[in-house]
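Visitor: Supplied structure: start-v3.cif, mmCIF, C-alpha atoms.
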```
data_data
loop_
_atom_site.label_atom_id
_atom_site.label_comp_id
_atom_site.auth_asym_id
_atom_site.auth_seq_id
_atom_site.Cartn_x
_atom_site.Cartn_y
_atom_site.Cartn_z
CA MET X 2 -90.57 32.40 266.27
CA ARG X 3 -92.67 31.91 269.38
CA ILE X 4 -94.77 29.19 267.82
CA ASP X 5 -91.60 27.57 266.58
CA SER X 6 -90.07 27.36 270.03
CA TYR X 7 -93.42 26.28 271.43
CA ILE X 8 -93.57 23.35 269.02
CA ARG X 9 -89.98 22.45 269.81
CA VAL X 10 -90.75 22.43 273.52
CA ILE X 11 -93.89 20.37 272.97
CA CYS X 12 -92.09 17.82 270.80
CA GLY X 13 -89.15 17.67 273.15
CA THR X 14 -91.34 17.06 276.17
CA GLU X 15 -93.60 14.71 274.30
CA SER X 16 -90.74 12.27 273.99
CA MET X 17 -90.08 12.73 277.70
CA VAL X 18 -93.70 12.08 278.59
CA ASN X 19 -93.76 9.14 276.18
CA GLY X 20 -90.71 7.91 278.05
CA SER X 21 -92.62 8.00 281.30
CA LYS X 22 -95.25 5.72 279.80
CA PHE X 23 -93.14 2.79 280.97
CA LEU X 24 -94.73 3.60 284.33
CA LEU X 25 -98.01 2.29 283.00
CA LEU X 26 -96.77 -1.30 283.34
CA PRO X 27 -95.89 -1.32 287.08
CA LEU X 28 -98.94 0.81 287.85
CA THR X 29 -101.25 -1.61 286.07
CA VAL X 30 -99.59 -4.53 287.87
CA PHE X 31 -100.28 -2.80 291.21
CA LEU X 32 -103.90 -2.17 290.25
CA VAL X 33 -104.46 -5.78 289.15
CA MET X 34 -102.83 -7.08 292.34
CA TYR X 35 -104.99 -4.83 294.49
CA VAL X 36 -108.21 -5.82 292.75
CA ALA X 37 -107.30 -9.51 292.86
CA ALA X 38 -106.54 -9.30 296.59
CA ALA X 39 -109.78 -7.38 297.19
CA ILE X 40 -111.78 -10.03 295.34
CA LYS X 41 -110.06 -12.73 297.39
CA GLN X 42 -111.09 -10.93 300.58
CA GLY X 43 -114.65 -10.76 299.25
CA GLN X 44 -117.22 -9.14 301.53
CA LYS X 45 -114.61 -8.36 304.19
CA TRP X 46 -112.97 -5.73 302.03
CA PRO X 47 -115.17 -2.63 301.47
CA HIS X 48 -115.77 -1.74 297.82
CA TYR X 49 -115.12 1.95 298.34
CA ARG X 50 -111.45 1.21 299.07
CA THR X 51 -111.04 -0.51 295.72
CA ILE X 52 -112.69 2.48 294.06
CA LEU X 53 -110.36 4.88 295.92
CA PHE X 54 -107.35 2.87 294.79
CA SER X 55 -108.54 3.00 291.18
CA CYS X 56 -109.01 6.77 291.47
CA CYS X 57 -105.45 7.05 292.79
CA PHE X 58 -104.23 5.11 289.73
CA LEU X 59 -106.18 7.50 287.51
CA CYS X 60 -104.72 10.60 289.19
CA VAL X 61 -101.15 9.33 288.81
CA ALA X 62 -101.76 8.40 285.17
CA ILE X 63 -103.36 11.75 284.28
CA SER X 64 -100.60 13.78 285.88
CA THR X 65 -97.60 11.84 284.53
CA MET X 66 -98.68 10.75 281.04
CA GLY X 67 -101.16 11.87 278.45
CA PRO X 68 -102.07 15.31 277.11
CA LEU X 69 -102.23 17.12 280.45
CA ALA X 70 -98.72 15.96 281.34
CA ILE X 71 -97.40 17.20 277.97
CA LEU X 72 -99.07 20.58 278.37
CA SER X 73 -97.76 20.91 281.93
CA HIS X 74 -94.25 21.42 280.55
CA VAL X 75 -95.18 24.65 278.80
CA ASP X 76 -98.14 25.80 280.87
CA PHE X 77 -97.44 26.50 284.54
CA LYS X 78 -101.16 26.47 285.43
CA ILE X 79 -101.51 22.92 284.10
CA HIS X 80 -98.25 22.01 285.83
CA MET X 81 -99.75 23.16 289.13
CA ILE X 82 -102.94 21.16 288.61
CA CYS X 83 -100.84 18.06 287.84
CA HIS X 84 -98.74 18.78 290.91
CA LEU X 85 -101.86 18.90 293.10
CA LEU X 86 -103.15 15.66 291.57
CA LEU X 87 -99.85 13.80 291.92
CA GLY X 88 -98.60 15.22 295.22
CA MET X 89 -101.81 15.64 297.22
CA VAL X 90 -104.91 13.93 295.77
CA ALA X 91 -103.29 10.65 294.66
CA PRO X 92 -101.36 10.08 297.95
CA LEU X 93 -104.47 10.85 300.00
CA LEU X 94 -106.51 8.35 297.96
CA LEU X 95 -103.75 5.76 298.38
CA VAL X 96 -103.74 6.22 302.15
CA LEU X 97 -107.52 5.83 302.26
CA ALA X 98 -107.29 2.66 300.16
CA ALA X 99 -105.16 1.06 302.95
CA PRO X 100 -102.98 -1.11 300.64
CA MET X 101 -100.76 -2.37 303.49
CA THR X 102 -103.72 -3.74 305.44
CA LEU X 103 -104.91 -5.56 302.35
CA LEU X 104 -101.43 -6.94 301.71
CA LEU X 105 -101.03 -8.15 305.30
CA ARG X 106 -104.40 -9.87 305.19
CA THR X 107 -103.82 -11.54 301.84
CA LEU X 108 -100.25 -12.78 302.30
CA PRO X 109 -99.56 -16.16 303.93
CA VAL X 110 -98.94 -15.81 307.67
CA ASN X 111 -95.17 -16.25 307.66
CA LEU X 112 -94.69 -13.71 304.88
CA ALA X 113 -97.10 -11.29 306.55
CA ARG X 114 -95.10 -11.57 309.76
CA ARG X 115 -91.91 -10.79 307.90
CA LEU X 116 -93.55 -7.79 306.24
CA SER X 117 -94.84 -6.42 309.53
CA LYS X 118 -91.29 -6.75 310.88
CA VAL X 119 -90.10 -4.59 307.99
CA LEU X 120 -92.84 -2.07 308.73
CA LYS X 121 -91.61 -1.86 312.32
CA SER X 122 -87.98 -1.34 311.24
CA PHE X 123 -86.10 1.86 311.93
CA PRO X 124 -86.00 3.33 308.38
CA PHE X 125 -89.73 2.88 307.93
CA GLN X 126 -90.42 4.48 311.30
CA LEU X 127 -88.09 7.35 310.46
CA PHE X 128 -89.76 8.15 307.15
CA THR X 129 -93.27 7.97 308.58
CA HIS X 130 -92.40 10.31 311.45
CA PRO X 131 -94.70 13.35 310.95
CA VAL X 132 -91.85 15.88 311.12
CA VAL X 133 -89.57 13.96 308.73
CA ALA X 134 -92.44 13.34 306.28
CA ALA X 135 -93.53 16.98 306.39
CA ILE X 136 -89.97 18.22 305.78
CA LEU X 137 -89.54 15.78 302.88
CA ASN X 138 -92.83 16.97 301.42
CA ILE X 139 -92.74 20.75 301.90
CA GLY X 140 -88.94 21.05 301.85
CA GLY X 141 -88.85 19.20 298.54
CA LEU X 142 -91.35 21.66 297.06
CA TRP X 143 -89.33 24.67 298.27
CA LEU X 144 -86.23 23.15 296.70
CA LEU X 145 -88.07 22.55 293.42
CA TYR X 146 -89.61 26.00 293.00
CA THR X 147 -87.05 28.33 294.53
CA THR X 148 -83.90 26.91 292.90
CA ASN X 149 -83.26 26.25 289.21
CA LEU X 150 -84.27 22.63 289.74
CA TYR X 151 -87.61 23.43 288.10
CA GLY X 152 -85.91 24.47 284.84
CA GLN X 153 -83.43 21.59 284.89
CA MET X 154 -86.19 19.07 285.52
CA HIS X 155 -87.54 19.75 282.05
CA GLU X 156 -84.19 19.03 280.43
CA TYR X 157 -83.15 15.73 282.00
CA PRO X 158 -85.67 12.85 281.81
CA LEU X 159 -84.13 11.01 284.76
CA LEU X 160 -84.33 14.09 286.97
CA HIS X 161 -87.90 14.59 285.76
CA PHE X 162 -88.77 11.08 286.89
CA ILE X 163 -87.00 11.42 290.26
CA VAL X 164 -88.75 14.72 291.05
CA HIS X 165 -92.18 13.30 290.24
CA PHE X 166 -91.48 10.10 292.19
CA HIS X 167 -90.36 12.19 295.16
CA ILE X 168 -93.45 14.42 295.02
CA PHE X 169 -95.74 11.39 295.09
CA MET X 170 -93.83 9.42 297.74
CA ALA X 171 -93.32 12.41 300.05
CA GLY X 172 -97.04 13.21 299.73
CA TYR X 173 -97.87 9.60 300.60
CA LEU X 174 -95.57 9.47 303.64
CA TYR X 175 -96.96 12.78 304.86
CA SER X 176 -100.59 11.67 304.53
CA LEU X 177 -99.69 8.31 306.10
CA SER X 178 -98.10 9.99 309.12
CA MET X 179 -101.20 12.16 309.58
CA ILE X 180 -104.16 9.85 308.97
CA SER X 181 -103.02 6.29 308.54
CA MET X 182 -105.73 3.76 307.75
CA ASP X 183 -103.04 1.08 307.93
CA PRO X 184 -101.81 -0.21 311.29
CA MET X 185 -98.83 1.96 312.30
CA PRO X 186 -96.20 0.71 314.77
CA HIS X 187 -96.10 4.07 316.46
CA GLN X 188 -98.98 6.54 316.43
CA PHE X 189 -98.11 10.07 317.49
CA PRO X 190 -100.47 12.09 319.74
CA PHE X 191 -103.23 14.10 318.09
CA LEU X 192 -101.89 17.47 319.20
CA PHE X 193 -98.41 16.73 317.87
CA ARG X 194 -99.74 15.72 314.46
CA ALA X 195 -102.04 18.75 314.45
CA ILE X 196 -99.12 21.14 315.04
CA VAL X 197 -97.04 19.50 312.30
CA LEU X 198 -100.02 19.68 309.95
CA VAL X 199 -100.56 23.40 310.57
CA CYS X 200 -96.85 24.11 309.99
CA ALA X 201 -96.81 22.04 306.79
CA LEU X 202 -99.97 23.69 305.47
CA GLY X 203 -98.52 27.09 306.39
CA GLY X 204 -95.31 26.25 304.51
CA HIS X 205 -97.35 25.23 301.48
CA GLY X 206 -99.35 28.48 301.53
CA ILE X 207 -96.24 30.64 302.00
CA LEU X 208 -94.56 28.90 299.06
CA ALA X 209 -97.69 29.45 296.92
CA LYS X 210 -97.58 33.20 297.65
CA TYR X 211 -93.83 33.23 297.06
CA ILE X 212 -94.37 31.64 293.63
CA TYR X 213 -97.05 34.27 292.93
CA ALA X 214 -94.48 37.01 293.49
CA HIS X 215 -91.34 35.23 292.25
CA PRO X 216 -92.23 32.64 289.58
CA PRO X 217 -89.55 30.02 288.78
CA THR X 218 -87.20 30.85 285.90
CA GLY X 219 -88.85 30.41 282.52
CA VAL X 220 -92.36 31.02 283.86
CA SER X 221 -94.12 34.26 282.92
CA THR X 222 -95.47 36.56 285.64
CA ILE X 223 -99.13 35.99 284.79
CA GLN X 224 -98.69 32.19 284.69
CA GLY X 225 -96.81 32.32 287.99
CA GLU X 226 -99.64 34.34 289.55
CA ILE X 227 -102.38 31.95 288.45
CA GLY X 228 -100.23 28.93 289.33
CA GLY X 229 -99.57 30.29 292.81
CA MET X 230 -103.27 30.84 293.39
CA ILE X 231 -104.14 27.34 292.18
CA MET X 232 -101.54 25.94 294.58
CA TYR X 233 -102.83 28.06 297.48
CA TYR X 234 -106.55 27.38 297.17
CA GLY X 235 -106.18 23.86 295.79
CA GLY X 236 -103.93 22.91 298.69
CA ASP X 237 -106.45 24.34 301.16
CA GLY X 238 -109.29 22.43 299.55
CA ILE X 239 -107.54 19.07 299.63
CA GLU X 240 -106.14 19.58 303.11
CA ILE X 241 -109.71 19.99 304.48
CA VAL X 242 -110.12 16.24 304.01
CA VAL X 243 -106.88 15.50 305.92
CA ILE X 244 -107.85 17.87 308.77
CA TYR X 245 -111.35 16.40 308.92
CA LEU X 246 -110.09 12.81 309.09
CA LEU X 247 -107.43 13.69 311.68
CA CYS X 248 -110.05 15.37 313.90
CA GLN X 249 -112.47 12.52 313.35
CA LYS X 250 -109.84 10.06 314.60
CA TRP X 251 -109.47 12.12 317.74
CA PHE X 252 -113.27 12.33 318.10
CA GLY X 253 -113.65 8.57 317.69
CA SER X 254 -110.86 7.72 320.09
CA SER X 255 -112.14 10.07 322.80
CA ARG X 256 -115.57 8.49 322.55
CA PHE X 257 -114.01 5.07 323.00
CA HIS X 258 -112.07 6.33 325.97
CA ASN X 259 -115.13 7.84 327.65
CA GLY X 260 -117.21 4.78 326.93
CA LYS X 261 -114.66 2.47 328.51
CA LYS X 262 -114.23 4.72 331.52
CA GLY X 263 -118.01 5.00 331.91
CA ARG X 264 -118.47 1.27 331.75
CA ARG X 265 -115.72 0.68 334.30
CA GLN X 266 -117.23 3.24 336.66
CA LYS X 267 -120.63 1.64 336.25
CA ALA X 268 -119.18 -1.78 337.00
CA LEU X 269 -117.51 -0.46 340.13
CA GLY X 270 -120.72 1.26 341.14
CA THR X 271 -119.17 4.68 341.38
CA VAL X 272 -121.67 6.37 339.04
CA MET V 11 -108.70 21.16 338.05
CA THR V 12 -112.20 19.85 338.66
CA ASN V 13 -114.31 18.30 335.94
CA LYS V 14 -116.57 21.34 335.80
CA GLU V 15 -113.64 23.70 335.41
CA ALA V 16 -112.26 21.53 332.60
CA ASP V 17 -115.65 21.64 330.83
CA ARG V 18 -115.81 25.41 331.14
CA ARG V 19 -112.39 25.69 329.60
CA SER V 20 -113.24 23.28 326.82
CA ASN V 21 -116.37 25.27 326.02
CA PHE V 22 -114.39 28.49 325.83
CA TRP V 23 -111.61 27.03 323.66
CA SER V 24 -114.01 25.31 321.31
CA GLY V 25 -115.79 28.63 320.71
CA PHE V 26 -112.51 30.52 320.49
CA LEU V 27 -111.09 28.19 317.81
CA PHE V 28 -114.29 28.30 315.82
CA GLY V 29 -114.42 32.12 316.11
CA ILE V 30 -110.91 32.48 314.69
CA GLY V 31 -111.71 30.11 311.86
CA PHE V 32 -115.07 31.67 311.09
CA VAL V 33 -113.81 35.25 310.88
CA ALA V 34 -110.85 34.15 308.72
CA PHE V 35 -113.28 32.36 306.45
CA LEU V 36 -115.51 35.47 306.19
CA ASP V 37 -112.44 37.59 305.46
CA GLU V 38 -111.43 35.22 302.67
CA THR V 39 -114.85 34.93 301.03
CA VAL V 40 -116.18 38.47 301.48
CA PHE V 41 -113.10 40.71 301.18
CA HIS V 42 -110.91 38.56 298.90
CA GLN V 43 -113.37 36.75 296.66
CA LEU V 44 -116.64 38.73 296.56
CA LEU V 45 -115.59 42.36 296.97
CA HIS V 46 -112.01 42.01 295.68
CA TRP V 47 -110.90 44.66 298.19
CA HIS V 48 -108.03 42.66 299.65
CA HIS V 49 -105.19 41.56 297.39
CA PHE V 50 -103.74 38.06 297.29
CA TYR V 51 -100.28 39.58 297.43
CA ASP V 52 -99.18 43.16 297.97
CA LYS V 53 -95.81 44.19 296.55
CA ARG V 54 -94.92 45.89 299.84
CA THR V 55 -95.43 42.74 301.89
CA THR V 56 -92.53 42.03 304.22
CA GLU V 57 -91.13 38.50 304.41
CA ILE V 58 -92.23 38.12 308.01
CA GLY V 59 -95.69 39.24 306.89
CA LEU V 60 -95.81 36.42 304.39
CA ILE V 61 -94.86 33.91 307.09
CA SER V 62 -97.36 35.32 309.59
CA ASP V 63 -100.12 35.25 306.98
CA GLY V 64 -99.31 31.68 305.93
CA ILE V 65 -99.22 30.27 309.45
CA PHE V 66 -102.36 32.12 310.56
CA HIS V 67 -104.23 31.08 307.45
CA ALA V 68 -103.31 27.42 308.01
CA PHE V 69 -104.12 27.65 311.71
CA SER V 70 -107.52 29.24 311.15
CA TRP V 71 -108.33 26.57 308.57
CA PHE V 72 -107.53 23.87 311.10
CA ALA V 73 -109.23 25.72 313.97
CA THR V 74 -112.62 25.87 312.21
CA ILE V 75 -112.82 22.12 311.85
CA ALA V 76 -111.19 21.25 315.19
CA GLY V 77 -113.43 23.76 317.04
CA LEU V 78 -116.56 22.17 315.60
CA PHE V 79 -115.37 18.66 316.50
CA LEU V 80 -114.75 19.88 320.05
CA PHE V 81 -118.29 21.36 320.04
CA SER V 82 -119.65 17.99 318.98
CA HIS V 83 -117.62 16.27 321.69
CA LEU V 84 -119.02 18.62 324.38
CA ARG V 85 -122.54 18.06 323.12
CA ARG V 86 -121.99 14.31 323.28
CA LYS V 87 -120.74 14.63 326.85
CA LYS V 88 -123.79 16.84 327.63
CA ALA V 89 -121.32 19.43 328.89
CA LEU V 90 -122.11 22.23 326.44
CA GLN V 91 -122.41 25.71 327.96
CA ILE V 92 -123.76 27.62 325.03
CA LEU V 93 -123.24 31.17 326.36
CA ARG V 94 -119.63 30.50 327.23
CA TRP V 95 -119.19 28.91 323.81
CA ILE V 96 -120.68 31.96 322.03
CA GLY V 97 -118.49 34.20 324.18
CA GLY V 98 -115.49 32.22 322.98
CA VAL V 99 -116.59 32.71 319.36
CA PHE V 100 -116.83 36.49 319.81
CA LEU V 101 -113.49 36.71 321.59
CA GLY V 102 -111.71 34.56 319.01
CA ALA V 103 -113.25 36.48 316.12
CA GLY V 104 -112.49 39.88 317.69
CA LEU V 105 -108.90 39.10 318.62
CA PHE V 106 -108.14 37.67 315.21
CA GLN V 107 -109.68 40.67 313.45
CA LEU V 108 -107.74 43.04 315.72
CA TYR V 109 -104.50 41.18 314.96
CA ASP V 110 -105.32 41.23 311.25
CA GLY V 111 -106.28 44.92 311.28
CA THR V 112 -103.33 46.24 313.27
CA ILE V 113 -100.30 43.95 312.92
CA GLN V 114 -100.95 42.15 309.63
CA HIS V 115 -102.41 45.07 307.67
CA LYS V 116 -100.46 48.00 309.09
CA LEU V 117 -97.20 46.69 310.55
CA LEU V 118 -96.42 43.75 308.25
CA ARG V 119 -98.26 45.28 305.27
CA ILE V 120 -99.52 42.00 303.83
CA HIS V 121 -102.27 43.99 302.10
CA GLN V 122 -104.57 46.94 302.80
CA ILE V 123 -108.31 46.66 303.45
CA ARG V 124 -109.12 48.52 300.26
CA TYR V 125 -106.94 50.27 297.72
CA VAL V 126 -108.42 53.78 298.00
CA GLU V 127 -107.11 57.17 299.17
CA ASN V 128 -108.62 57.41 302.66
CA VAL V 129 -107.82 53.91 303.86
CA LEU V 130 -107.62 55.25 307.43
CA PHE V 131 -111.42 55.35 307.51
CA TYR V 132 -111.60 51.66 306.64
CA ASP V 133 -108.89 50.82 309.17
CA LEU V 134 -110.77 52.64 311.95
CA ILE V 135 -114.05 50.85 311.26
CA TRP V 136 -112.27 47.51 310.95
CA ASN V 137 -110.52 47.84 314.30
CA ILE V 138 -113.49 49.37 316.14
CA VAL V 139 -115.62 46.41 315.05
CA ALA V 140 -112.86 44.13 316.31
CA VAL V 141 -112.78 45.84 319.72
CA VAL V 142 -116.59 45.65 319.98
CA LEU V 143 -116.43 41.91 319.25
CA VAL V 144 -113.76 41.45 321.93
CA VAL V 145 -115.85 43.37 324.51
CA ILE V 146 -118.98 41.32 323.75
CA GLY V 147 -116.87 38.16 324.01
CA LEU V 148 -115.44 39.20 327.37
CA LEU V 149 -118.89 40.09 328.76
CA LEU V 150 -120.34 36.77 327.65
CA THR V 151 -117.49 34.64 329.01
CA MET V 152 -117.34 36.54 332.31
CA SER V 153 -121.10 36.39 332.87
CA LYS V 154 -122.39 34.19 335.69
CA PRO V 155 -123.06 30.72 334.34
CA ASN V 156 -126.60 30.43 335.71
CA ARG V 157 -128.75 29.75 332.68
CA GLU V 158 -126.01 28.19 330.65
CA ASN V 159 -127.56 24.83 329.86
CA TRP V 160 -130.42 25.26 327.49
CA ARG V 161 -131.57 21.72 327.88
CA GLY V 162 -133.10 20.21 324.82
CA ILE V 163 -131.62 22.92 322.59
CA ALA V 164 -128.02 22.94 323.55
CA ASN V 165 -127.41 19.36 324.63
CA ALA V 166 -128.52 16.22 322.91
CA ASP V 167 -131.15 14.70 325.18
CA ARG V 168 -131.06 11.00 324.74
#
```
Have the structure of the file written as structure tokens, please.
Guide:
Amino acid sequence: MRIDSYIRVICGTESMVNGSKFLLLPLTVFLVMYVAAAIKQGQKWPHYRTILFSCCFLCVAISTMGPLAILSHVDFKIHMICHLLLGMVAPLLLVLAAPMTLLLRTLPVNLARRLSKVLKSFPFQLFTHPVVAAILNIGGLWLLYTTNLYGQMHEYPLLHFIVHFHIFMAGYLYSLSMISMDPMPHQFPFLFRAIVLVCALGGHGILAKYIYAHPPTGVSTIQGEIGGMIMYYGGDGIEIVVIYLLCQKWFGSSRFHNGKKGRRQKALGTV
Amino acid sequence: MTNKEADRRSNFWSGFLFGIGFVAFLDETVFHQLLHWHHFYDKRTTEIGLISDGIFHAFSWFATIAGLFLFSHLRRKKALQILRWIGGVFLGAGLFQLYDGTIQHKLLRIHQIRYVENVLFYDLIWNIVAVVLVVIGLLLTMSKPNRENWRGIANADR
């Protein structure tokens, strides 16, 4: 009986995961475009960014299609690993690959100008505001795991797609608002971003412990416990990179500031 | 606030942040992972305990890294006062452990130190160690800053 239902679930979700294979086309187009643009830039574009972008592609592919994605429907531990890959690792890699900078450099000047106007527009600024991005990211997760959205997601393919798209995009906006490698029209002060980051990371940890104690409907206690711990420690591990890069930006900018001030004082002969 | 005063404060806060982060890290590795004394989740945890634990965990994670960057910044400015910095570490570590041992363990009941009969014994040692750390931290930060710059060791001589 159990094996029977297991197979039914596997087969049911397999068609859903197969359905999400249509994603492979746009993703491959993005990858080819990125590599082509990077080649066009030649020496000016560092190789490691192309590698990071490819790794991002790989993370998205692993977590949305293929065997791991199929297993994630029946195994909450695997689901959590996929969630970390899609919602935290892939967005971080995408931010570090700086696709917008590459696009702005590659496009003809008039198109690039128009794009930068779009990037300065109100909706874009709103969604890349640290508080808005953090609420979209962490709030979305709370909604997913504390309501019956988690169960329903596995029944409706469209909902399944929307949830996964949201997890990735919200993760990207959040990482972008914290440590953008792309030029941002408005950069928030270090302390402000640091406070938002601590609150977001706290919200993530609290949710992980909540899942440990109250797993979503349809998830067994032991799976919920392991899943919660994967979320807690995995989130911590990935967030180290974000904290490190955020602090490094502050460190770099304060050096620049001191250097400039020092030079000015030297020029004025006050030192 | 003069420049010197600002440096003294920066030294203290850098140490303080690192102290909080370091003791939280020790707590996580030694008591959660190696000894398995602490539990990830205790069934008697209050909701406010869960929130307090989550926020403090995230903050201590951030504080470790930020404190070390601030240390590096002070060293670059040749403004490091190592005794004040160490005093900050002790004070941060002690205050965090005291908060963990009294409010988080006892009042909010996020988890006990160890799941044995006479947990009072463990609680006493835990909090006495915390108080000792706080006292050492206070003594070090209050001490006269006369030999504070260990040139060549503390600050990068370039």
Visitor: Which of these, X:Leu85, X:Leu127, X:Leu142, X:Val243, has the shortest distance to chain V once you count only C-alpha atoms?
Guide: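 Closest residue, counting only C-alpha atoms: X:Val243.
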Visitor: Please, what distance in Å, to one decimal, runs between atom CA of X:His130 and atom CA of X:Pro100?
Guide: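 Going from atom CA of X:His130 over to atom CA of X:Pro100, I get 19.0 Å.
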Visitor: If we count only C-alpha atoms and set the cut-off at 10 Å, which residues sit around stretch 35-42 of chain X, ignoring sequence neighbours fewer than 5 positions away in its own chain? Please answer as a PyMOL selection string.
Guide: chain X and resi 29-30+47-48+50-52+54-55+98+100+103-104+106-108
Visitor: Give the residues of chain X that lie within 6 Å of chain V; count all atoms listed in the file, and format the answer as a list of chain:residue names.
Guide: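 Output check: X:Val199, X:Leu202, X:Gly203, X:Gly206, X:Ile207.
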Visitor: Counting all atoms listed in the file, which of X:Ala214, X:Leu120, X:Leu150, X:Leu144 gets nearest to X:Ile227?
Guide: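 Residue with the minimum atom-to-atom distance to X:Ile227: X:Ala214.
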Visitor: Go through V:Phe28, V:Tyr132, V:Phe81, V:Trp47 and flag the residue nearest X:Phe252, using only C-alpha atoms for the distances.
Guide: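 Distance minimum relative to X:Phe252 lands on V:Phe81.
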Visitor: I'd like the neighbourhood of X:Met232 as a PyMOL selection string, where a residue qualifies if any of its atoms comes within 12 Å (using only C-alpha atoms), though same-chain residues fewer than 6 positions away should be ignored.
Guide: chain X and resi 77-86+88-89+142+202+204-213+225-226+238-240
Visitor: Quick one: pull the distance between atom CA of V:Ser153 and atom CA of V:Leu134, Å, one decimal.
Guide: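 Separation between atom CA of V:Ser153 and atom CA of V:Leu134: 28.4 Å.
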Visitor: Which residues would end up in the selection if the PyMOL selection byres ((chain X and resi 182) around 7) were applied here, given that I need the answer as a list in words?
Guide: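 Checking the PyMOL selection byres ((chain X and resi 182) around 7) against this file, the residues are Val96, Leu97, Ala99, Ile180, Ser181, Asp183 and Pro184 of chain X.
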Visitor: Restricted to C-alpha atoms, what would the selected residues look like written as a PDB file, in the coordinates of the input?
Guide:
```pdb
ATOM      1  CA  VAL X  96    -103.740   6.220 302.150  1.00  0.00           C
ATOM      2  CA  LEU X  97    -107.520   5.830 302.260  1.00  0.00           C
ATOM      3  CA  ALA X  99    -105.160   1.060 302.950  1.00  0.00           C
ATOM      4  CA  ILE X 180    -104.160   9.850 308.970  1.00  0.00           C
ATOM      5  CA  SER X 181    -103.020   6.290 308.540  1.00  0.00           C
ATOM      6  CA  ASP X 183    -103.040   1.080 307.930  1.00  0.00           C
ATOM      7  CA  PRO X 184    -101.810  -0.210 311.290  1.00  0.00           C
TER       8      PRO X 184
END
```
Visitor: Atom CA of V:Arg85 and atom CA of X:Ser255 are how many Å apart?
Guide: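 So the two atoms, atom CA of V:Arg85 and atom CA of X:Ser255, lie 13.1 Å apart.
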Visitor: Once 4 Å is added on each side, what centre and edge lengths in Å to one decimal does the axis-aligned box around all listed atoms of stretch 94-101 of chain X have, as lines of an AutoDock Vina configuration file?
Guide:
```
center_x = -104.1
center_y = 3.0
center_z = 300.7
size_x = 14.8
size_y = 18.7
size_z = 13.5
```
